[in-house]
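S.K.: You'll find query_34.txt just under this line, and it carries compact mmCIF, C-alpha atoms and all ligand atoms.
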# COMPACT_ATOMS: atom_id res chain seq x y z
CA SER P 1 -7.65 -24.83 -0.16
CA ALA P 2 -5.21 -22.10 -1.16
CA ALA P 3 -7.20 -21.53 -4.38
CA GLU P 4 -10.41 -20.83 -2.45
CA LYS P 5 -8.44 -18.32 -0.40
CA GLY P 6 -7.28 -16.56 -3.55
CA GLY P 7 -3.70 -17.73 -2.96
CA HIS P 8 -3.63 -16.35 0.60
CA ASP P 9 -2.97 -18.14 3.88
CA TYR P 10 -6.38 -17.21 5.15
CA PHE P 11 -9.77 -16.02 3.88
CA MET P 12 -9.68 -12.72 5.70
CA LEU P 13 -6.90 -11.35 3.51
CA LYS P 14 -8.85 -12.38 0.42
CA GLU P 15 -11.92 -10.65 1.84
CA ILE P 16 -9.90 -7.53 2.61
CA GLU P 17 -8.85 -7.46 -1.04
CA GLU P 18 -12.45 -7.91 -2.17
CA GLN P 19 -13.49 -4.65 -0.51
CA PRO P 20 -13.45 -2.47 -3.64
CA GLU P 21 -15.80 -4.94 -5.29
CA ALA P 22 -17.98 -5.17 -2.17
CA LEU P 23 -18.43 -1.40 -2.31
CA THR P 24 -19.15 -1.33 -6.03
CA ASN P 25 -21.76 -4.05 -5.69
CA THR P 26 -23.37 -2.38 -2.68
CA LEU P 27 -23.73 0.95 -4.47
CA ARG P 28 -24.88 -0.52 -7.78
CA GLY P 29 -28.46 0.31 -8.70
CA HIS P 30 -29.11 2.30 -5.53
CA PHE P 31 -28.88 5.71 -7.10
CA SER P 32 -30.99 6.28 -10.15
CA GLY P 33 -33.19 9.00 -11.53
CA GLY P 34 -31.38 11.50 -9.30
CA GLY P 35 -32.26 9.75 -6.07
CA VAL P 36 -31.54 6.90 -3.67
CA VAL P 37 -33.42 3.65 -4.15
CA LEU P 38 -33.77 1.19 -1.26
CA ASP P 39 -34.38 -2.54 -1.83
CA GLU P 40 -37.64 -2.57 0.09
CA GLN P 41 -39.59 0.46 1.23
CA ARG P 42 -42.86 0.01 3.10
CA ILE P 43 -42.60 3.35 4.92
CA SER P 44 -44.78 5.88 3.09
CA GLU P 45 -43.15 8.94 1.56
CA GLN P 46 -44.92 11.18 4.04
CA ASP P 47 -43.89 9.09 7.06
CA PHE P 48 -40.32 8.91 5.85
CA ARG P 49 -40.25 12.69 5.45
CA ASP P 50 -41.63 13.16 8.97
CA ILE P 51 -38.86 11.18 10.67
CA ASN P 52 -37.37 13.50 13.29
CA LYS P 53 -35.14 11.16 15.26
CA VAL P 54 -32.88 8.28 14.27
CA PHE P 55 -31.51 5.47 16.42
CA VAL P 56 -28.90 3.20 14.96
CA VAL P 57 -28.67 -0.18 16.70
CA ALA P 58 -26.12 -2.92 16.05
CA CYS P 59 -23.45 -5.10 17.66
CA GLY P 60 -19.70 -5.50 17.24
CA THR P 61 -18.25 -4.24 14.00
CA ALA P 62 -21.70 -3.33 12.66
CA TYR P 63 -22.01 -0.98 15.65
CA HIS P 64 -18.83 0.78 14.58
CA SER P 65 -20.31 1.33 11.12
CA GLY P 66 -23.35 2.77 12.90
CA LEU P 67 -21.19 5.26 14.81
CA LEU P 68 -20.08 6.55 11.42
CA ALA P 69 -23.68 6.88 10.22
CA LYS P 70 -24.24 9.54 12.86
CA TYR P 71 -21.66 11.92 11.38
CA ALA P 72 -23.17 11.67 7.91
CA ILE P 73 -26.89 11.67 8.78
CA GLU P 74 -26.70 14.58 11.22
CA HIS P 75 -24.57 16.57 8.79
CA TRP P 76 -26.75 15.92 5.76
CA CYS P 77 -30.23 15.72 7.27
CA ARG P 78 -30.12 17.83 10.45
CA ILE P 79 -31.90 15.05 12.37
CA PRO P 80 -30.52 13.97 15.74
CA VAL P 81 -29.00 10.49 15.59
CA GLU P 82 -28.17 8.21 18.50
CA VAL P 83 -26.11 5.11 18.03
CA GLU P 84 -26.50 2.34 20.51
CA LEU P 85 -25.39 -1.20 21.15
CA ALA P 86 -28.45 -3.32 20.44
CA SER P 87 -28.05 -5.18 23.73
CA GLU P 88 -28.27 -1.91 25.68
CA PHE P 89 -30.97 -0.19 23.64
CA ARG P 90 -33.47 -2.98 24.18
CA TYR P 91 -33.36 -2.85 27.95
CA ARG P 92 -33.35 0.84 28.80
CA ASP P 93 -36.80 2.00 27.70
CA PRO P 94 -35.69 4.30 24.86
CA VAL P 95 -38.09 7.06 23.79
CA LEU P 96 -39.55 5.89 20.47
CA GLY P 97 -42.57 6.78 18.39
CA ARG P 98 -43.98 6.95 14.88
CA ASP P 99 -41.53 9.69 13.94
CA THR P 100 -38.53 7.62 14.97
CA LEU P 101 -36.48 5.65 12.50
CA VAL P 102 -34.52 2.75 13.92
CA VAL P 103 -31.74 1.63 11.60
CA ALA P 104 -30.73 -1.94 12.45
CA ILE P 105 -27.39 -3.00 10.99
CA SER P 106 -26.51 -6.68 10.90
CA GLN P 107 -24.34 -8.52 8.41
CA SER P 108 -25.97 -11.87 9.19
CA GLY P 109 -29.43 -10.44 9.78
CA GLU P 110 -29.78 -13.00 12.57
CA THR P 111 -28.00 -11.47 15.58
CA ALA P 112 -30.34 -12.00 18.53
CA ASP P 113 -29.51 -8.73 20.31
CA THR P 114 -30.22 -6.70 17.18
CA LEU P 115 -33.36 -8.68 16.35
CA GLU P 116 -34.77 -8.10 19.85
CA ALA P 117 -33.99 -4.39 19.52
CA VAL P 118 -35.98 -4.36 16.25
CA ARG P 119 -38.91 -6.15 17.87
CA HIS P 120 -38.89 -3.72 20.77
CA ALA P 121 -38.80 -0.72 18.42
CA ARG P 122 -41.78 -2.07 16.53
CA THR P 123 -43.87 -2.51 19.67
CA GLN P 124 -43.23 1.21 20.24
CA HIS P 125 -44.44 2.03 16.68
CA ALA P 126 -41.03 3.18 15.47
CA ARG P 127 -40.19 2.55 11.79
CA VAL P 128 -37.40 0.09 11.24
CA LEU P 129 -34.93 0.09 8.38
CA ALA P 130 -32.61 -2.92 8.14
CA ILE P 131 -29.15 -3.00 6.59
CA SER P 132 -28.02 -6.58 6.05
CA ASN P 133 -25.74 -8.68 3.90
CA THR P 134 -28.07 -11.69 3.98
CA ASN P 135 -31.09 -11.82 1.74
CA GLY P 136 -34.29 -12.84 3.47
CA SER P 137 -32.72 -13.10 6.92
CA GLN P 138 -34.82 -12.46 10.03
CA ILE P 139 -33.98 -8.80 10.71
CA PRO P 140 -34.89 -7.61 7.18
CA ARG P 141 -38.02 -9.77 7.30
CA GLU P 142 -39.22 -7.97 10.42
CA SER P 143 -38.37 -4.47 9.17
CA ASP P 144 -40.35 -1.81 7.27
CA ALA P 145 -37.56 -0.96 4.86
CA VAL P 146 -34.42 -2.80 3.76
CA LEU P 147 -31.13 -1.96 2.14
CA TYR P 148 -28.97 -4.96 1.33
CA THR P 149 -25.20 -4.75 1.23
CA HIS P 150 -23.70 -6.90 -1.51
CA ALA P 151 -20.34 -7.78 -0.01
CA GLY P 152 -20.80 -11.45 -0.89
CA PRO P 153 -20.39 -14.25 1.66
CA GLU P 154 -17.84 -13.53 4.36
CA ILE P 155 -16.00 -16.58 5.72
CA GLY P 156 -13.63 -14.89 8.16
CA VAL P 157 -15.39 -14.56 11.52
CA ALA P 158 -14.04 -11.03 11.93
CA ALA P 159 -15.99 -8.71 9.64
CA THR P 160 -14.06 -6.81 6.96
CA LYS P 161 -15.77 -6.34 3.61
CA THR P 162 -19.21 -6.32 5.22
CA PHE P 163 -18.02 -3.43 7.42
CA LEU P 164 -17.05 -1.26 4.46
CA ALA P 165 -20.28 -2.20 2.69
CA GLN P 166 -22.28 -1.23 5.81
CA ILE P 167 -20.61 2.18 5.88
CA ALA P 168 -21.61 2.74 2.24
CA ALA P 169 -25.17 1.56 2.97
CA ASN P 170 -25.42 3.92 5.95
CA TYR P 171 -24.46 6.80 3.71
CA LEU P 172 -27.13 5.79 1.20
CA VAL P 173 -29.69 5.84 3.99
CA GLY P 174 -28.44 9.31 4.99
CA LEU P 175 -28.84 10.52 1.42
CA ALA P 176 -32.31 8.95 1.18
CA LEU P 177 -33.38 10.84 4.31
CA ALA P 178 -31.83 14.08 3.06
CA GLN P 179 -33.72 13.63 -0.17
CA ALA P 180 -37.04 12.95 1.58
CA ARG P 181 -36.62 15.92 3.89
CA GLY P 182 -35.33 18.25 1.22
CA THR P 183 -32.18 19.14 3.16
CA LYS P 184 -30.15 18.47 0.03
CA TYR P 185 -30.83 19.50 -3.55
CA ALA P 186 -30.73 16.94 -6.33
CA ASP P 187 -27.36 18.15 -7.59
CA GLU P 188 -25.90 17.92 -4.07
CA LEU P 189 -27.21 14.36 -3.72
CA GLU P 190 -25.68 13.53 -7.05
CA HIS P 191 -22.37 15.02 -5.93
CA GLU P 192 -22.31 13.09 -2.63
CA PHE P 193 -23.15 9.91 -4.48
CA SER P 194 -20.41 10.45 -7.04
CA GLU P 195 -17.89 10.84 -4.20
CA LEU P 196 -19.12 7.55 -2.75
CA ALA P 197 -18.90 5.92 -6.16
CA ALA P 198 -15.22 6.91 -6.38
CA MET P 199 -14.38 5.00 -3.20
CA PRO P 200 -13.85 1.51 -4.65
CA GLU P 201 -10.89 2.97 -6.58
CA ALA P 202 -9.50 4.64 -3.45
CA VAL P 203 -9.81 1.39 -1.49
CA ARG P 204 -8.05 -0.43 -4.32
CA SER P 205 -5.15 1.98 -4.04
CA VAL P 206 -4.95 1.65 -0.25
CA LEU P 207 -4.41 -2.09 -0.76
CA ASP P 208 -0.93 -1.10 -1.93
CA THR P 209 -0.09 -0.58 1.75
CA VAL P 210 -0.54 -4.31 2.49
CA PRO P 211 3.18 -5.25 2.20
CA ARG P 212 4.15 -2.25 4.34
CA VAL P 213 1.62 -3.19 7.03
CA ARG P 214 2.64 -6.87 6.96
CA ASP P 215 6.18 -5.77 7.65
CA LEU P 216 5.01 -3.48 10.44
CA ALA P 217 3.08 -6.38 11.98
CA THR P 218 6.26 -8.44 12.38
CA ARG P 219 7.60 -5.63 14.57
CA MET P 220 4.46 -5.30 16.69
CA CYS P 221 3.57 -8.87 17.53
CA GLU P 222 5.44 -8.87 20.85
CA ALA P 223 3.67 -5.78 22.23
CA LYS P 224 1.79 -6.21 25.52
CA ALA P 225 -0.93 -3.80 24.46
CA VAL P 226 -1.77 -1.43 21.62
CA LEU P 227 -3.73 1.81 21.84
CA PHE P 228 -5.64 3.41 18.96
CA LEU P 229 -6.46 7.11 18.78
CA GLY P 230 -8.72 9.04 16.44
CA ARG P 231 -11.09 11.97 16.34
CA HIS P 232 -14.37 12.66 14.54
CA VAL P 233 -14.79 9.86 11.96
CA GLY P 234 -11.34 8.62 12.99
CA TYR P 235 -12.70 7.68 16.41
CA PRO P 236 -14.91 4.77 15.24
CA VAL P 237 -11.96 3.71 13.06
CA ALA P 238 -9.81 3.57 16.21
CA LEU P 239 -12.48 1.48 17.97
CA GLU P 240 -12.66 -0.91 15.03
CA GLY P 241 -8.86 -1.21 14.84
CA ALA P 242 -8.77 -2.15 18.52
CA LEU P 243 -11.65 -4.61 18.20
CA LYS P 244 -9.94 -6.40 15.32
CA LEU P 245 -6.74 -6.78 17.32
CA LYS P 246 -8.62 -8.21 20.33
CA GLU P 247 -10.64 -10.59 18.19
CA LEU P 248 -7.78 -11.95 16.12
CA ALA P 249 -4.52 -11.48 18.00
CA TYR P 250 -5.92 -11.77 21.55
CA MET P 251 -4.02 -8.65 22.53
CA HIS P 252 -5.16 -5.99 24.87
CA ALA P 253 -6.18 -3.15 22.61
CA GLU P 254 -8.25 -0.05 23.20
CA GLY P 255 -9.53 2.74 21.03
CA PHE P 256 -9.87 6.26 22.39
CA ALA P 257 -11.15 9.59 21.18
CA ALA P 258 -7.88 11.50 20.96
CA GLY P 259 -9.36 14.51 22.78
CA GLU P 260 -9.92 12.27 25.80
CA LEU P 261 -6.24 11.38 26.05
CA LYS P 262 -5.60 14.08 28.62
CA HIS P 263 -8.60 12.98 30.68
CA GLY P 264 -7.19 9.56 31.50
CA PRO P 265 -5.66 7.35 28.83
CA ILE P 266 -2.41 9.32 28.74
CA ALA P 267 -1.59 7.70 32.09
CA LEU P 268 -1.24 4.40 30.20
CA ILE P 269 1.58 5.65 27.99
CA GLU P 270 4.92 4.07 28.82
CA ASP P 271 8.17 3.44 27.07
CA GLY P 272 7.75 1.49 23.84
CA LEU P 273 3.94 1.25 23.94
CA PRO P 274 2.66 1.19 20.35
CA VAL P 275 -0.04 3.78 19.70
CA VAL P 276 -1.81 3.80 16.36
CA VAL P 277 -3.00 7.28 15.45
CA GLN P 278 -5.58 7.91 12.76
CA MET P 279 -4.84 11.37 11.31
CA PRO P 280 -7.74 13.51 10.10
CA SER P 281 -7.81 14.79 6.55
CA VAL P 282 -5.37 17.69 6.13
CA LYS P 283 -7.77 19.98 4.25
CA GLY P 284 -11.19 18.61 5.21
CA ASN P 285 -10.50 18.59 8.94
CA SER P 286 -7.62 21.03 9.37
CA HIS P 287 -8.72 22.27 12.81
CA LEU P 288 -8.53 18.70 14.13
CA HIS P 289 -5.35 17.87 12.27
CA ALA P 290 -3.29 20.29 14.38
CA LYS P 291 -4.80 18.86 17.57
CA LEU P 292 -3.83 15.32 16.61
CA VAL P 293 -0.29 16.42 15.85
CA SER P 294 -0.02 17.87 19.34
CA ASN P 295 -1.44 14.61 20.80
CA ILE P 296 1.24 12.67 18.96
CA ARG P 297 3.96 14.92 20.34
CA GLU P 298 2.60 14.45 23.86
CA ILE P 299 2.62 10.68 23.68
CA GLN P 300 5.96 10.53 21.90
CA ALA P 301 7.51 12.65 24.66
CA ARG P 302 6.29 9.99 27.11
CA GLY P 303 7.92 7.16 25.21
CA ALA P 304 5.11 5.86 22.97
CA ARG P 305 5.99 4.34 19.63
CA THR P 306 3.76 6.19 17.18
CA ILE P 307 2.22 4.34 14.26
CA VAL P 308 0.57 7.00 12.17
CA ILE P 309 -2.07 6.47 9.50
CA ALA P 310 -2.07 9.70 7.48
CA GLU P 311 -2.99 11.07 4.09
CA GLU P 312 -0.43 10.91 1.32
CA GLY P 313 1.44 14.20 1.32
CA ASP P 314 0.78 14.95 4.99
CA GLU P 315 4.22 16.43 5.63
CA VAL P 316 3.32 18.04 8.96
CA VAL P 317 2.87 14.76 10.81
CA ARG P 318 5.79 12.94 9.21
CA PRO P 319 8.52 14.00 11.72
CA PHE P 320 6.43 12.63 14.60
CA ALA P 321 5.66 9.24 13.07
CA ASP P 322 7.91 6.37 14.14
CA GLU P 323 6.00 4.37 11.54
CA LEU P 324 3.94 5.92 8.79
CA VAL P 325 1.21 4.30 6.69
CA GLU P 326 -0.08 6.55 3.93
CA ILE P 327 -3.64 6.45 2.66
CA PRO P 328 -5.20 8.37 -0.23
CA ALA P 329 -6.80 11.73 0.46
CA VAL P 330 -10.60 11.41 0.20
CA PRO P 331 -13.54 13.51 1.49
CA THR P 332 -13.63 13.57 5.31
CA LEU P 333 -16.81 11.54 5.84
CA LEU P 334 -15.49 8.83 3.54
CA GLN P 335 -12.03 8.55 5.10
CA PRO P 336 -12.97 5.53 7.27
CA LEU P 337 -13.42 3.48 4.08
CA VAL P 338 -9.70 3.77 3.36
CA ALA P 339 -8.38 4.24 6.91
CA THR P 340 -9.79 0.95 8.24
CA VAL P 341 -8.06 -1.21 5.65
CA PRO P 342 -4.50 -1.05 7.07
CA LEU P 343 -5.88 -1.75 10.56
CA GLN P 344 -7.63 -4.91 9.31
CA VAL P 345 -4.38 -6.12 7.77
CA LEU P 346 -2.40 -5.20 10.88
CA ALA P 347 -4.65 -7.27 13.17
CA ALA P 348 -4.74 -10.27 10.84
CA GLU P 349 -0.99 -10.30 10.32
CA ILE P 350 -0.15 -9.87 14.00
CA ALA P 351 -2.49 -12.81 14.69
CA ARG P 352 -0.78 -14.91 12.05
CA HIS P 353 2.65 -14.18 13.49
CA ARG P 354 1.40 -15.16 16.91
CA GLY P 355 0.31 -18.47 15.44
CA PHE P 356 -3.47 -18.04 15.60
CA ASP P 357 -6.20 -19.08 13.19
CA VAL P 358 -7.10 -15.76 11.58
CA ASP P 359 -10.38 -16.96 10.09
CA LYS P 360 -11.63 -18.73 13.22
CA PRO P 361 -10.64 -16.85 16.36
CA ARG P 362 -11.23 -18.61 19.66
CA ASN P 363 -14.52 -18.09 21.52
CA LEU P 364 -16.16 -16.13 18.69
CA ALA P 365 -18.96 -17.05 16.30
CA LYS P 366 -19.79 -15.48 12.96
CA SER P 367 -23.35 -14.92 13.99
CA VAL P 368 -24.60 -14.94 17.56
CA THR P 369 -28.20 -16.05 17.77
CA VAL P 370 -28.51 -16.01 21.54
CA GLU P 371 -28.94 -12.89 23.65
C1 LIG T 401 -20.46 -11.46 16.03
C2 LIG T 401 -19.24 -11.40 15.12
C3 LIG T 401 -18.81 -9.94 14.89
C4 LIG T 401 -20.00 -9.14 14.37
C5 LIG T 401 -21.19 -9.21 15.34
C6 LIG T 401 -22.45 -8.61 14.75
O1 LIG T 401 -20.11 -11.17 17.34
O2 LIG T 401 -18.16 -12.12 15.68
O3 LIG T 401 -17.76 -9.89 13.93
O4 LIG T 401 -19.62 -7.80 14.18
O5 LIG T 401 -21.50 -10.58 15.61
O6 LIG T 401 -22.83 -9.40 13.65
P1 LIG T 401 -23.95 -9.00 12.63
O7 LIG T 401 -24.20 -10.24 11.81
O8 LIG T 401 -25.16 -8.60 13.42
O9 LIG T 401 -23.42 -7.86 11.83
What does the file become when written as structure tokens?
Ligand code: G6P
M.R.:
Amino acid sequence: SAAEKGGHDYFMLKEIEEQPEALTNTLRGHFSGGGVVLDEQRISEQDFRDINKVFVVACGTAYHSGLLAKYAIEHWCRIPVEVELASEFRYRDPVLGRDTLVVAISQSGETADTLEAVRHARTQHARVLAISNTNGSQIPRESDAVLYTHAGPEIGVAATKTFLAQIAANYLVGLALAQARGTKYADELEHEFSELAAMPEAVRSVLDTVPRVRDLATRMCEAKAVLFLGRHVGYPVALEGALKLKELAYMHAEGFAAGELKHGPIALIEDGLPVVVQMPSVKGNSHLHAKLVSNIREIQARGARTIVIAEEGDEVVRPFADELVEIPAVPTLLQPLVATVPLQVLAAEIARHRGFDVDKPRNLAKSVTVE
């Protein structure tokens, strides 16, 4: 009923609006006494400290959250991190050992590809840490450590609030590792956590863009294809924006690292093609900001219609944006938490205009328990 959907036409919009709460609930109780607390921890302090390699394995949207984990964990902990699709990891004989931490991210905790990756990692004596939204599901049950996201049940098949919660959980894992390894002092941990704790408010304010994005969607629903560009943490955001559009609106959509544009994708640009560009933070990522502006000029000169997601007050990019969606300025690593929100709304609203069932896209299942 409409009441169950919080007055919306579909659950996904309600779930998009629940994201501030999903973040608050995921962070609650996980930072106390100056440190990060996991839900279950059967890896000894010494073993956790000795971790010298991290693999993140997941599928679909959870995989995109994993791509973001790499930026934070490598930056904070100075441990190499590889992020891999669970279905690929399992079958390529990855190099694993007692000093390897495999972080398995799965909303449902039941995805067969991810579960098999976990089982494989364990046969190789790697330690496994699960991030899941489902208490007592199979992946957490077979792991050595667990951090639960508390996004609440997600009805829409396409993940939204669980994605933001997974990003927050990944950052908590990064801080836990930094703490164990001593690569961050207590006051630095506290500072990083306080920045994370400010994100529910930032996400609440980005929800103000919903009417603007709904309007934009009415003008994009006839497009043949949509490209998404981003760099650094904006790259996984671009991939997630494209995935959402495929899943919901059945449109051809692709996400690219903006630096790769010149190595191929620029050949796709033609008159009127909508290209969504995720702008880096003006201050936090200034060296990349200028590069993205020049990318936008290149594609605009070739006829692309530029849809720019940029920080409030980003005056430099404004003249090159055919459409501009403004998001609050937040620390660089946390930008995906606000930047993804307009892309979720865009995909859902384009799908609705095209007459599709936003909550139950064709051919997809909420949790895929076959390999
Ligand atoms: C399915 C869903 C996706 C989801 C993926 C991984 O394919 O349609 O939205 O991202 O599974 O799900 P998980 O439960 O492992 O996070």
S.K.: Check the smallest atom-to-atom distance from each of P:Thr183, P:Thr24, P:Thr114, P:Thr306 to P:Ser143 using only C-alpha atoms, then report the winner.
M.R.: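 Under the stated criterion, the closest residue is P:Thr114.
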S.K.: Closest to P:Val118 among P:Gly66, P:Gly60, P:Gly355, P:Pro140, using only C-alpha atoms?
M.R.: P:Pro140
S.K.: How would you report the residues lying within 6 Å of ligand LIG 401 (chain T), as a PyMOL selection string, if you count only C-alpha atoms and all ligand atoms?
M.R.: chain P and resi 59-62+106-109+111+157-159+364-368
S.K.: Restricting it to C-alpha atoms, dump the selection as a compact mmCIF listing (two decimals), keeping the file's coordinate frame.
M.R.:
# COMPACT_ATOMS: atom_id res chain seq x y z
CA CYS P 59 -23.45 -5.10 17.66
CA GLY P 60 -19.70 -5.50 17.24
CA THR P 61 -18.25 -4.24 14.00
CA ALA P 62 -21.70 -3.33 12.66
CA SER P 106 -26.51 -6.68 10.90
CA GLN P 107 -24.34 -8.52 8.41
CA SER P 108 -25.97 -11.87 9.19
CA GLY P 109 -29.43 -10.44 9.78
CA THR P 111 -28.00 -11.47 15.58
CA VAL P 157 -15.39 -14.56 11.52
CA ALA P 158 -14.04 -11.03 11.93
CA ALA P 159 -15.99 -8.71 9.64
CA LEU P 364 -16.16 -16.13 18.69
CA ALA P 365 -18.96 -17.05 16.30
CA LYS P 366 -19.79 -15.48 12.96
CA SER P 367 -23.35 -14.92 13.99
CA VAL P 368 -24.60 -14.94 17.56
S.K.: Name the residues in contact with P:Ile79 at a cut-off of 6 Å, using all atoms listed in the file, excluding same-chain residues fewer than 2 positions from it; report them as a PyMOL selection string.
M.R.: chain P and resi 52-53+74+77
S.K.: Neighbours of stretch 335-343 of chain P within 8 Å (all atoms listed in the file; same-chain residues fewer than 6 positions away dropped), as an NGL selection string?
M.R.: :P and (16 or 164 or 167 or 199 or 202-203 or 206-207 or 209-210 or 213 or 233-234 or 237 or 240-241 or 244 or 278 or 281 or 309 or 325 or 327-329)
S.K.: For a test of reading the model, state the distance in Å between atom CA of P:Leu23 and atom CA of P:Lys283, rounded to one decimal.
M.R.: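 Rounded to one decimal, the two atoms are 24.8 Å apart.
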S.K.: Check the smallest atom-to-atom distance from each of P:Glu371, P:Ala238, P:Leu248, P:Ile299 to P:Lys262 using all atoms listed in the file, then report the winner.
M.R.: P:Ile299
S.K.: Residues within 10 Å of P:Ala86, please, as a list in words. Count all atoms listed in the file; anything in the same chain fewer than 3 positions from it doesn't count.
M.R.: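 So the residues in contact are Val56, Val57, Ala58, Cys59, Gly60, Tyr63, Val83, Phe89, Arg90, Tyr91, Ala104, Ile105, Thr111, Ala112, Asp113, Thr114, Leu115, Glu116, Ala117 and Val118 of chain P.
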S.K.: Using all atoms listed in the file, which residues sit within 8 Å of stretch 147-156 of chain P once same-chain residues fewer than 2 positions away are excluded, as a ChimeraX atom specification?
M.R.: /P:11-12,15,19,21-23,25-26,38-40,129-135,145,158-159,161-162,165-166,169,358-360,366
S.K.: What gap, in Å, lies between atom CA of P:Arg49 and atom CA of P:Arg181?
M.R.: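 Value for the atom CA of P:Arg49-atom CA of P:Arg181 distance: 5.1 Å.
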S.K.: Could you write out as JSON the box around stretch 51-67 of chain P (axis-aligned, all atoms listed in the file, 4 Å on each side), with centre and edge lengths in Å to one decimal?
M.R.:
{"center_x": -28.6, "center_y": 4.0, "center_z": 14.2, "size_x": 28.6, "size_y": 27.0, "size_z": 15.0}
S.K.: Considering only C-alpha atoms, can you say which of P:Glu195, P:Glu82, P:Asp9, P:Asp99 comes closest to P:Ile51?
M.R.: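 Residue with the minimum atom-to-atom distance to P:Ile51: P:Asp99.
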